[in-house]
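Engineer: The structure file entry.txt (compact mmCIF, C-alpha atoms) is provided below.
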# COMPACT_ATOMS: atom_id res chain seq x y z
CA MET Y 1 3.79 -19.03 13.76
CA ALA Y 2 1.61 -15.96 13.30
CA ASN Y 3 -1.80 -15.25 11.81
CA ILE Y 4 -2.05 -11.74 10.34
CA ILE Y 5 -4.28 -9.44 8.33
CA LEU Y 6 -2.79 -7.08 5.75
CA LEU Y 7 -4.84 -3.88 5.46
CA GLY Y 8 -4.43 -1.17 2.86
CA PRO Y 9 -6.06 0.37 -0.21
CA PRO Y 10 -5.76 -1.10 -3.71
CA GLY Y 11 -2.18 -0.89 -4.93
CA ALA Y 12 -0.62 -0.52 -1.47
CA GLY Y 13 1.46 -3.65 -2.05
CA LYS Y 14 -0.41 -6.19 0.07
CA GLY Y 15 -0.06 -8.94 -2.51
CA THR Y 16 3.66 -8.31 -2.97
CA GLN Y 17 4.36 -8.48 0.77
CA ALA Y 18 2.12 -11.52 1.20
CA LYS Y 19 4.14 -13.35 -1.45
CA ARG Y 20 7.37 -12.52 0.40
CA LEU Y 21 5.94 -13.90 3.63
CA VAL Y 22 4.88 -17.08 1.83
CA ASP Y 23 8.37 -17.50 0.37
CA GLU Y 24 10.38 -16.49 3.43
CA ARG Y 25 8.24 -17.79 6.31
CA ALA Y 26 6.19 -20.58 4.74
CA MET Y 27 2.98 -18.72 5.60
CA VAL Y 28 -0.25 -19.47 3.73
CA GLN Y 29 -1.91 -16.59 1.87
CA LEU Y 30 -5.69 -16.64 2.11
CA SER Y 31 -6.78 -14.38 -0.73
CA THR Y 32 -10.55 -14.18 -1.16
CA GLY Y 33 -10.31 -14.12 -4.96
CA ASP Y 34 -7.93 -17.08 -5.10
CA MET Y 35 -10.06 -19.10 -2.68
CA LEU Y 36 -13.21 -18.51 -4.72
CA ARG Y 37 -11.53 -19.49 -7.98
CA GLU Y 38 -10.06 -22.60 -6.36
CA ALA Y 39 -13.36 -23.58 -4.73
CA LYS Y 40 -15.28 -23.14 -7.98
CA THR Y 41 -13.39 -26.03 -9.56
CA SER Y 42 -12.74 -28.13 -6.43
CA GLY Y 43 -15.80 -30.36 -6.62
CA THR Y 44 -16.42 -30.07 -2.85
CA GLU Y 45 -19.86 -29.22 -1.46
CA MET Y 46 -18.69 -25.69 -0.66
CA GLY Y 47 -17.13 -25.47 -4.13
CA LYS Y 48 -20.39 -26.49 -5.79
CA LEU Y 49 -22.19 -23.80 -3.81
CA VAL Y 50 -19.66 -21.16 -4.91
CA ALA Y 51 -19.89 -22.27 -8.56
CA ASP Y 52 -23.70 -22.10 -8.45
CA VAL Y 53 -23.74 -18.62 -6.91
CA MET Y 54 -21.19 -17.29 -9.39
CA ALA Y 55 -22.94 -18.94 -12.35
CA ARG Y 56 -26.12 -17.06 -11.42
CA GLY Y 57 -24.15 -13.81 -11.30
CA GLN Y 58 -24.84 -13.29 -7.61
CA LEU Y 59 -22.45 -11.97 -4.98
CA VAL Y 60 -20.79 -14.57 -2.78
CA THR Y 61 -22.07 -14.12 0.78
CA ASP Y 62 -19.94 -13.53 3.87
CA GLU Y 63 -21.09 -16.92 5.15
CA ILE Y 64 -19.65 -18.68 2.10
CA VAL Y 65 -16.31 -16.86 2.40
CA ILE Y 66 -16.13 -17.69 6.12
CA GLY Y 67 -16.86 -21.32 5.20
CA LEU Y 68 -13.96 -21.33 2.74
CA ILE Y 69 -11.65 -19.79 5.34
CA ALA Y 70 -12.76 -22.40 7.88
CA GLU Y 71 -11.75 -25.14 5.45
CA LYS Y 72 -8.30 -23.56 5.08
CA LEU Y 73 -7.83 -23.10 8.82
CA ALA Y 74 -8.52 -26.80 9.30
CA VAL Y 75 -5.33 -27.56 7.36
CA ASP Y 76 -2.25 -27.13 9.56
CA SER Y 77 0.08 -24.30 8.56
CA GLY Y 78 3.46 -24.19 10.27
CA GLY Y 79 4.08 -20.58 9.29
CA GLY Y 80 0.62 -19.16 9.94
CA PHE Y 81 -2.02 -17.55 7.74
CA ILE Y 82 -2.13 -14.21 5.91
CA PHE Y 83 -5.64 -12.80 5.40
CA ASP Y 84 -5.51 -10.78 2.17
CA GLY Y 85 -8.71 -9.06 1.03
CA PHE Y 86 -10.74 -10.25 4.02
CA PRO Y 87 -12.19 -8.86 6.19
CA ARG Y 88 -13.39 -5.81 4.28
CA THR Y 89 -16.19 -4.72 6.64
CA LEU Y 90 -16.86 -4.63 10.38
CA LYS Y 91 -19.43 -7.42 9.98
CA GLN Y 92 -16.81 -9.61 8.32
CA ALA Y 93 -14.27 -8.74 11.04
CA ASP Y 94 -16.72 -9.92 13.72
CA ALA Y 95 -17.40 -13.12 11.76
CA LEU Y 96 -13.66 -13.79 11.42
CA ALA Y 97 -13.12 -13.20 15.14
CA ASP Y 98 -15.89 -15.71 15.94
CA LEU Y 99 -14.38 -18.27 13.55
CA MET Y 100 -10.90 -17.88 15.02
CA ALA Y 101 -12.30 -18.36 18.53
CA ARG Y 102 -14.27 -21.45 17.50
CA THR Y 103 -11.22 -23.05 15.89
CA GLY Y 104 -8.83 -22.21 18.71
CA GLN Y 105 -6.80 -19.85 16.50
CA THR Y 106 -5.51 -16.39 17.37
CA LEU Y 107 -5.10 -13.27 15.26
CA ASP Y 108 -1.64 -11.99 16.12
CA SER Y 109 -1.28 -8.76 14.14
CA VAL Y 110 -3.23 -6.50 11.81
CA ILE Y 111 -0.72 -4.63 9.67
CA GLU Y 112 -1.92 -1.44 8.00
CA MET Y 113 0.07 -0.43 4.93
CA GLN Y 114 -0.24 3.35 5.07
CA VAL Y 115 -0.08 5.32 1.82
CA ASP Y 116 -0.51 8.84 0.47
CA ASP Y 117 -3.35 8.76 -2.05
CA ALA Y 118 -1.74 11.02 -4.65
CA ALA Y 119 1.54 9.11 -4.52
CA LEU Y 120 -0.35 5.83 -4.70
CA VAL Y 121 -2.24 6.90 -7.82
CA ALA Y 122 1.03 7.98 -9.48
CA ARG Y 123 2.59 4.63 -8.60
CA ILE Y 124 -0.26 2.55 -9.95
CA ILE Y 125 -1.08 4.31 -13.21
CA GLY Y 126 2.52 3.74 -14.36
CA ARG Y 127 2.44 0.03 -13.55
CA PHE Y 128 2.54 -2.71 -16.19
CA THR Y 129 3.35 -6.41 -16.20
CA CYS Y 130 4.78 -9.02 -18.51
CA GLY Y 131 1.90 -11.10 -19.84
CA ALA Y 132 4.15 -14.16 -20.13
CA CYS Y 133 5.92 -14.38 -16.74
CA GLY Y 134 4.09 -11.82 -14.57
CA GLU Y 135 7.12 -9.61 -13.81
CA VAL Y 136 6.00 -6.14 -12.65
CA TYR Y 137 7.40 -2.90 -14.08
CA HIS Y 138 6.74 0.85 -13.81
CA ASP Y 139 7.10 3.63 -16.38
CA VAL Y 140 9.18 5.78 -13.99
CA THR Y 141 10.57 3.70 -11.15
CA ARG Y 142 11.21 0.38 -12.89
CA PRO Y 143 11.12 0.52 -16.69
CA THR Y 144 12.28 -2.41 -18.79
CA GLN Y 145 15.92 -2.22 -19.89
CA VAL Y 146 14.81 -2.50 -23.50
CA ALA Y 147 11.52 -0.76 -24.27
CA GLY Y 148 8.69 -3.26 -24.68
CA THR Y 149 10.83 -6.28 -23.77
CA CYS Y 150 10.65 -8.18 -20.47
CA ASP Y 151 14.01 -8.23 -18.64
CA VAL Y 152 13.26 -11.70 -17.24
CA CYS Y 153 11.85 -13.77 -20.11
CA GLY Y 154 12.27 -11.57 -23.19
CA SER Y 155 8.56 -11.48 -24.00
CA HIS Y 156 7.08 -8.46 -25.77
CA ASP Y 157 3.60 -9.08 -24.31
CA MET Y 158 3.25 -6.16 -21.88
CA LYS Y 159 -0.09 -5.61 -20.17
CA ARG Y 160 -1.77 -2.89 -18.13
CA ARG Y 161 -4.88 -3.41 -16.02
CA ALA Y 162 -7.90 -1.71 -17.53
CA ASP Y 163 -8.76 -0.18 -14.15
CA ASP Y 164 -5.23 1.15 -13.54
CA ASN Y 165 -6.24 4.66 -14.57
CA GLU Y 166 -6.75 7.74 -12.40
CA ASP Y 167 -10.56 7.88 -12.46
CA ALA Y 168 -11.00 4.17 -11.78
CA LEU Y 169 -8.42 4.28 -9.00
CA LYS Y 170 -10.10 7.17 -7.24
CA THR Y 171 -13.36 5.22 -7.35
CA ARG Y 172 -11.66 2.14 -5.88
CA LEU Y 173 -10.02 4.26 -3.16
CA MET Y 174 -13.34 5.86 -2.21
CA GLU Y 175 -14.91 2.40 -1.96
CA TYR Y 176 -12.04 1.26 0.26
CA TYR Y 177 -12.33 4.23 2.61
CA LYS Y 178 -16.10 3.88 2.90
CA LYS Y 179 -16.13 0.16 3.65
CA THR Y 180 -12.74 -0.94 4.91
CA SER Y 181 -11.10 1.96 6.71
CA PRO Y 182 -13.38 1.53 9.78
CA LEU Y 183 -11.42 -1.68 10.39
CA ILE Y 184 -8.39 0.44 11.32
CA GLY Y 185 -10.24 1.85 14.34
CA TYR Y 186 -11.75 -1.56 15.11
CA TYR Y 187 -8.38 -3.31 15.35
CA TYR Y 188 -6.72 -0.33 17.06
CA ALA Y 189 -9.31 -0.60 19.83
CA LYS Y 190 -8.46 -4.29 20.15
CA GLY Y 191 -4.75 -3.47 20.49
CA GLN Y 192 -3.89 -5.49 17.38
CA LEU Y 193 -3.09 -2.72 14.87
CA GLU Y 194 0.43 -2.05 13.60
CA SER Y 195 1.35 0.33 10.76
CA VAL Y 196 4.08 0.43 8.13
CA ASP Y 197 4.88 2.88 5.33
CA GLY Y 198 3.37 1.18 2.30
CA LEU Y 199 5.11 3.57 -0.11
CA ALA Y 200 8.62 2.79 1.11
CA GLU Y 201 10.94 0.60 -0.97
CA MET Y 202 9.68 -2.98 -1.19
CA ASP Y 203 12.55 -4.37 0.91
CA ALA Y 204 12.08 -1.68 3.58
CA VAL Y 205 8.38 -2.54 3.85
CA GLY Y 206 9.28 -6.21 4.14
CA GLU Y 207 11.76 -5.49 6.92
CA ALA Y 208 9.21 -3.39 8.81
CA ILE Y 209 6.67 -6.22 8.63
CA ALA Y 210 9.33 -8.74 9.73
CA LYS Y 211 10.07 -6.63 12.84
CA ILE Y 212 6.39 -6.69 13.76
CA LEU Y 213 6.16 -10.45 13.34
CA ASP Y 214 9.37 -11.07 15.28
CA LYS Y 215 8.31 -9.10 18.37
Would you mind writing the structure in this file as structure tokens?
Structural biologist:
Amino acid sequence: MANIILLGPPGAGKGTQAKRLVDERAMVQLSTGDMLREAKTSGTEMGKLVADVMARGQLVTDEIVIGLIAEKLAVDSGGGFIFDGFPRTLKQADALADLMARTGQTLDSVIEMQVDDAALVARIIGRFTCGACGEVYHDVTRPTQVAGTCDVCGSHDMKRRADDNEDALKTRLMEYYKKTSPLIGYYYAKGQLESVDGLAEMDAVGEAIAKILDK
């Protein structure tokens, strides 16, 4: 069992690798966005609070997110937890460390998915997905076998994220480096940081992460 954080800029492949860990190691992915959407419709006290905050168009506070994570940590996970999208700031990292200590949990590894910005932008702006089954494609590295037709389900409903363009991506990267990159130094100082090449082939990245977890 291992509890880990996946760090890396938008498009580095954190979600893809988290899914592999869920499938292969029965780990539980704690994605901030997923937890908020789930809580909003859960009917629990915390869920009602989330729904109220979001209905008023306000930002969900760190305290609420920590509360949601605490609820998840209270449910036993044989394979461990993957923190995806949290923490994003040093304040959140401190809050997570306090929560882990209070609940008797340990943070075993913080895995940084290192990328070259220019290569990352090129990878992301060519990305599109099947709107029916969610299969991911790329204009250059993984085009569909038949143009406009999903290889998996045959759908013609291909979608691109509105913010998967160069200007929007550069803005998202700048936001990441301003707020989140200090976490790299924070976890390095704690002796918890490990790094992998986030732009390697998907299987190679998965194998590198597996080696870290199997130490």
Engineer: With only C-alpha atoms as the counted atoms, please give the residues lying no more than 10 Å from Thr103 of chain Y, apart from itself and same-chain residues fewer than 6 positions off, as a PyMOL selection string.
Structural biologist: chain Y and resi 70+73-74
Engineer: Pick out the residues sitting within 9 Å of segment 29-38 of chain Y, and hand them over as a ChimeraX atom specification; count only C-alpha atoms, and ignore anything fewer than 5 positions along from it in its own chain.
Structural biologist: /Y:15,18-19,21-22,47,50-51,60,65,68-69,72,80-86
Engineer: Expressed in Å to a single decimal, how great is the separation between atom CA of Val146 of chain Y and atom CA of Cys130 of chain Y?
Structural biologist: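 Spanning atom CA of Val146 of chain Y to atom CA of Cys130 of chain Y is a straight-line distance of 13.0 Å.
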Engineer: Just to confirm, what's the straight-line distance from atom CA of Ile184 of chain Y to atom CA of Val196 of chain Y in Å (one decimal)?
Structural biologist: 12.9 Å
Engineer: Enter the distance from atom CA of Ala162 of chain Y to atom CA of Met54 of chain Y, in Å, rounded to one decimal.
Structural biologist: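 Atom CA of Ala162 of chain Y sits 22.0 Å away from atom CA of Met54 of chain Y.
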Engineer: Out of Y:Gln114, Y:Gln58, Y:Thr16, Y:Thr180, which residue has the shortest atom-to-atom distance to Leu199 of chain Y when counting all atoms listed in the file?
Structural biologist: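 Among the listed residues, Y:Gln114 lies closest to Leu199 of chain Y.
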Engineer: Considering all atoms listed in the file, can you say which of Y:Ile64, Y:Asp94, Y:Asp203, Y:Pro10 comes closest to Glu175 of chain Y?
Structural biologist: Y:Pro10
Engineer: Please provide the set of residues having any atom within 10 Å of His156 of chain Y, restricted to all atoms listed in the file, with same-chain residues fewer than 4 positions apart removed, written as a list in words.
Structural biologist: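 In the requested form, the answer reads Cys130, Gly131, Ala132, Ala147, Gly148, Thr149, Cys150 and Asp151 of chain Y.
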Engineer: Near Ser109 of chain Y, counting only C-alpha atoms, which residues have an atom at most 8 Å away, once you skip same-chain residues fewer than 4 positions from it, shown as an NGL selection string?
Structural biologist: :Y and (2-5 or 192-194 or 212-213)
Engineer: Compare Y:Gly78, Y:Gly43, Y:Gly206, Y:Gly126 by their minimum atom-to-atom distance to Asn165 of chain Y, counting only C-alpha atoms, and give me the closest one.
Structural biologist: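 Of Y:Gly78, Y:Gly43, Y:Gly206, Y:Gly126, the one nearest Asn165 of chain Y, counting only C-alpha atoms, is Y:Gly126.
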Engineer: Which neighbours of segment 95-99 of chain Y fall inside 10 Å, counting all atoms listed in the file, when residues of the same chain fewer than 3 positions from it are skipped, and could you give them as a VMD selection string?
Structural biologist: chain Y and resid 62 to 63 65 to 67 69 to 70 73 86 to 87 89 to 92 102 to 107
Engineer: Counting all atoms listed in the file, figure out which residue out of Y:Met46, Y:Leu120, Y:Cys153, Y:Met113 gets nearest to Leu7 of chain Y.
Structural biologist: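 Looking only at the distances to Leu7 of chain Y, the closest residue turns out to be Y:Met113.
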Engineer: Between Y:Tyr188, Y:Tyr177, Y:Tyr137, Y:Phe128, which one has atoms that come closest to Arg161 of chain Y, using only C-alpha atoms?
Structural biologist: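 Of all the options, Y:Phe128 lies closest to Arg161 of chain Y.
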Engineer: Taking only C-alpha atoms into account, name the residue in Y:Lys178, Y:Arg123, Y:Lys190, Y:Arg160 that is nearest to Gly11 of chain Y.
Structural biologist: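 Using only C-alpha atoms, Gly11 of chain Y sits closest to Y:Arg123.
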Engineer: Would you compute, for all listed atoms of segment 136-141 of chain Y, the axis-aligned bounding box grown by 4 Å on each side, and then report its centre and edge lengths in Å rounded to one decimal, as lines of an AutoDock Vina configuration file?
Structural biologist:
center_x = 8.3
center_y = -0.2
center_z = -13.8
size_x = 12.6
size_y = 19.9
size_z = 13.2
